[in-house]
Every structure is written in structure tokens, then in C-alpha cells.
Amino acid sequence: MKIKYSPDASDRLRQIRKDYGTRVAGTITKGIRSLCDNPRKCPTIERMLGIPSPYYFLHIEHNYVF
């Protein structure tokens, strides 16, 4: 599985790094990269919210990644 960041996600990660430091941003990106090894480790948006979507819901600390 290849992880692709949208421009908005990249901007938000840069802002998180700026506001909260590299530890928090690193924790988020490490969790995202772990999806390469186990892409089904998180539920789909459709299963959680009942909204048809190809995206998955990944909870990392106090941050949510779609």
C-alpha cells in the first residue's frame, strides 16, 4: 500500500509540527506509515459513520486522520 497525502493533509501536518513540535507530528506520521504493514488495522468511515467512503479512520493520540 502506498500512502498519499493530500495537499491539505500536508499543510496540516506542517502546521502541527510548527505548533506542537516534531514529536507530535512524528507520532502521527509513524501511525500513518504503519498502515503500509497493516492497512486494515483501522475501521472504514463507512462502517463507523454509515457514510459511503473509501477512506479509513485512524486515531492517533488526540488526533484523527482520515
# chains A, B, ... in the order shown; residues from 1 in each chain; ligands from 1
call {"tool": "residues_around", "arguments": {"residues": "region 2-6 of chain A", "least_positions_apart": "3", "cutoff": "12 Å", "atoms": "only C-alpha atoms", "output": "NGL selection string"}}
result
:A and (9-14 or 29-39 or 55 or 65-66)
call {"tool": "write_last_selection", "arguments": {"atoms": "N, CA and C atoms", "output": "mmCIF file, in the first residue's frame"}}
result
data_model
loop_
_atom_site.group_PDB
_atom_site.id
_atom_site.type_symbol
_atom_site.label_atom_id
_atom_site.label_comp_id
_atom_site.auth_asym_id
_atom_site.auth_seq_id
_atom_site.Cartn_x
_atom_site.Cartn_y
_atom_site.Cartn_z
ATOM 1 N N ALA A 9 -3.710 17.781 3.847
ATOM 2 C CA ALA A 9 -3.112 16.982 4.924
ATOM 3 C C ALA A 9 -1.651 17.372 5.141
ATOM 4 N N SER A 10 -0.920 17.591 4.072
ATOM 5 C CA SER A 10 0.482 18.020 4.186
ATOM 6 C C SER A 10 0.582 19.361 4.899
ATOM 7 N N ASP A 11 -0.298 20.283 4.530
ATOM 8 C CA ASP A 11 -0.308 21.599 5.190
ATOM 9 C C ASP A 11 -0.623 21.466 6.678
ATOM 10 N N ARG A 12 -1.580 20.624 6.999
ATOM 11 C CA ARG A 12 -1.959 20.444 8.405
ATOM 12 C C ARG A 12 -0.827 19.802 9.208
ATOM 13 N N LEU A 13 -0.148 18.833 8.614
ATOM 14 C CA LEU A 13 0.982 18.216 9.319
ATOM 15 C C LEU A 13 2.105 19.229 9.553
ATOM 16 N N ARG A 14 2.354 20.079 8.575
ATOM 17 C CA ARG A 14 3.352 21.136 8.760
ATOM 18 C C ARG A 14 2.943 22.081 9.892
ATOM 19 N N THR A 29 2.712 10.769 11.826
ATOM 20 C CA THR A 29 3.208 10.191 10.567
ATOM 21 C C THR A 29 3.639 8.735 10.761
ATOM 22 N N LYS A 30 4.152 8.380 11.931
ATOM 23 C CA LYS A 30 4.511 6.984 12.204
ATOM 24 C C LYS A 30 3.259 6.108 12.169
ATOM 25 N N GLY A 31 2.176 6.575 12.774
ATOM 26 C CA GLY A 31 0.919 5.832 12.735
ATOM 27 C C GLY A 31 0.388 5.677 11.329
ATOM 28 N N ILE A 32 0.513 6.734 10.541
ATOM 29 C CA ILE A 32 0.059 6.670 9.146
ATOM 30 C C ILE A 32 0.915 5.678 8.367
ATOM 31 N N ARG A 33 2.234 5.735 8.546
ATOM 32 C CA ARG A 33 3.132 4.810 7.834
ATOM 33 C C ARG A 33 2.885 3.363 8.230
ATOM 34 N N SER A 34 2.427 3.124 9.452
ATOM 35 C CA SER A 34 2.160 1.751 9.888
ATOM 36 C C SER A 34 1.043 1.104 9.077
ATOM 37 N N LEU A 35 0.242 1.923 8.405
ATOM 38 C CA LEU A 35 -0.812 1.376 7.547
ATOM 39 C C LEU A 35 -0.241 0.599 6.373
ATOM 40 N N CYS A 36 0.999 0.882 5.982
ATOM 41 C CA CYS A 36 1.629 0.127 4.898
ATOM 42 C C CYS A 36 1.754 -1.343 5.276
ATOM 43 N N ASP A 37 2.049 -1.628 6.542
ATOM 44 C CA ASP A 37 2.196 -3.003 7.011
ATOM 45 C C ASP A 37 0.846 -3.667 7.278
ATOM 46 N N ASN A 38 -0.110 -2.905 7.727
ATOM 47 C CA ASN A 38 -1.413 -3.464 8.090
ATOM 48 C C ASN A 38 -2.515 -2.468 7.721
ATOM 49 N N PRO A 39 -2.897 -2.409 6.451
ATOM 50 C CA PRO A 39 -3.863 -1.387 6.012
ATOM 51 C C PRO A 39 -5.265 -1.553 6.589
ATOM 52 N N TYR A 55 -12.374 5.805 2.509
ATOM 53 C CA TYR A 55 -11.358 6.180 3.488
ATOM 54 C C TYR A 55 -11.476 5.380 4.782
ATOM 55 N N VAL A 65 -7.067 10.962 11.810
ATOM 56 C CA VAL A 65 -6.578 11.044 10.443
ATOM 57 C C VAL A 65 -7.538 10.277 9.562
ATOM 58 N N PHE A 66 -7.992 10.896 8.485
ATOM 59 C CA PHE A 66 -8.888 10.232 7.533
ATOM 60 C C PHE A 66 -8.119 9.936 6.278
#
call {"tool": "select_by_dssp", "arguments": {"residues": "chain A", "states": "alpha helix (DSSP H)", "output": "PyMOL selection string"}}
result
chain A and resi 7-20+22-33+45-49
call {"tool": "write_last_selection", "arguments": {"atoms": "N, CA and C atoms", "output": "tab-separated table (two decimals), in the first residue's frame"}}
result
chain	number	residue	atom	x	y	z
A	7	PRO	N	-2.78	17.70	-0.43
A	7	PRO	CA	-2.14	18.97	-0.10
A	7	PRO	C	-2.62	19.53	1.24
A	8	ASP	N	-3.90	19.37	1.52
A	8	ASP	CA	-4.44	19.85	2.79
A	8	ASP	C	-3.83	19.10	3.97
A	9	ALA	N	-3.71	17.78	3.85
A	9	ALA	CA	-3.11	16.98	4.92
A	9	ALA	C	-1.65	17.37	5.14
A	10	SER	N	-0.92	17.59	4.07
A	10	SER	CA	0.48	18.02	4.19
A	10	SER	C	0.58	19.36	4.90
A	11	ASP	N	-0.30	20.28	4.53
A	11	ASP	CA	-0.31	21.60	5.19
A	11	ASP	C	-0.62	21.47	6.68
A	12	ARG	N	-1.58	20.62	7.00
A	12	ARG	CA	-1.96	20.44	8.41
A	12	ARG	C	-0.83	19.80	9.21
A	13	LEU	N	-0.15	18.83	8.61
A	13	LEU	CA	0.98	18.22	9.32
A	13	LEU	C	2.11	19.23	9.55
A	14	ARG	N	2.35	20.08	8.57
A	14	ARG	CA	3.35	21.14	8.76
A	14	ARG	C	2.94	22.08	9.89
A	15	GLN	N	1.65	22.40	9.94
A	15	GLN	CA	1.16	23.29	10.99
A	15	GLN	C	1.25	22.62	12.36
A	16	ILE	N	0.93	21.33	12.42
A	16	ILE	CA	1.06	20.59	13.68
A	16	ILE	C	2.51	20.58	14.13
A	17	ARG	N	3.43	20.34	13.19
A	17	ARG	CA	4.85	20.33	13.53
A	17	ARG	C	5.29	21.70	14.07
A	18	LYS	N	4.78	22.75	13.45
A	18	LYS	CA	5.12	24.11	13.88
A	18	LYS	C	4.52	24.43	15.26
A	19	ASP	N	3.26	24.06	15.47
A	19	ASP	CA	2.56	24.40	16.71
A	19	ASP	C	2.89	23.49	17.88
A	20	TYR	N	3.08	22.19	17.62
A	20	TYR	CA	3.22	21.22	18.70
A	20	TYR	C	4.56	20.50	18.74
A	22	THR	N	8.01	18.38	16.71
A	22	THR	CA	8.26	17.22	15.86
A	22	THR	C	7.83	15.91	16.51
A	23	ARG	N	7.79	15.85	17.83
A	23	ARG	CA	7.37	14.60	18.48
A	23	ARG	C	5.92	14.26	18.13
A	24	VAL	N	5.04	15.24	18.23
A	24	VAL	CA	3.63	15.01	17.92
A	24	VAL	C	3.45	14.70	16.44
A	25	ALA	N	4.06	15.49	15.58
A	25	ALA	CA	3.95	15.26	14.13
A	25	ALA	C	4.55	13.90	13.77
A	26	GLY	N	5.66	13.54	14.41
A	26	GLY	CA	6.29	12.25	14.15
A	26	GLY	C	5.42	11.09	14.57
A	27	THR	N	4.72	11.23	15.69
A	27	THR	CA	3.81	10.19	16.16
A	27	THR	C	2.68	9.99	15.15
A	28	ILE	N	2.17	11.08	14.62
A	28	ILE	CA	1.08	11.00	13.63
A	28	ILE	C	1.58	10.32	12.36
A	29	THR	N	2.71	10.77	11.83
A	29	THR	CA	3.21	10.19	10.57
A	29	THR	C	3.64	8.73	10.76
A	30	LYS	N	4.15	8.38	11.93
A	30	LYS	CA	4.51	6.98	12.20
A	30	LYS	C	3.26	6.11	12.17
A	31	GLY	N	2.18	6.57	12.77
A	31	GLY	CA	0.92	5.83	12.74
A	31	GLY	C	0.39	5.68	11.33
A	32	ILE	N	0.51	6.73	10.54
A	32	ILE	CA	0.06	6.67	9.15
A	32	ILE	C	0.92	5.68	8.37
A	33	ARG	N	2.23	5.74	8.55
A	33	ARG	CA	3.13	4.81	7.83
A	33	ARG	C	2.88	3.36	8.23
A	45	ILE	N	-14.57	4.54	7.24
A	45	ILE	CA	-15.50	5.62	7.59
A	45	ILE	C	-16.93	5.12	7.43
A	46	GLU	N	-17.14	4.33	6.38
A	46	GLU	CA	-18.48	3.81	6.12
A	46	GLU	C	-18.97	2.95	7.28
A	47	ARG	N	-18.11	2.09	7.81
A	47	ARG	CA	-18.51	1.23	8.93
A	47	ARG	C	-18.74	2.03	10.21
A	48	MET	N	-17.93	3.07	10.43
A	48	MET	CA	-18.07	3.86	11.66
A	48	MET	C	-19.25	4.82	11.61
A	49	LEU	N	-19.41	5.51	10.48
A	49	LEU	CA	-20.39	6.59	10.41
A	49	LEU	C	-21.58	6.30	9.50
call {"tool": "select_by_dssp", "arguments": {"residues": "chain A", "states": "strand (DSSP E or B)", "output": "list of chain:residue names"}}
result
A:Thr44, A:Tyr56, A:Leu58, A:His59, A:Ile60, A:Asn63, A:Tyr64, A:Val65
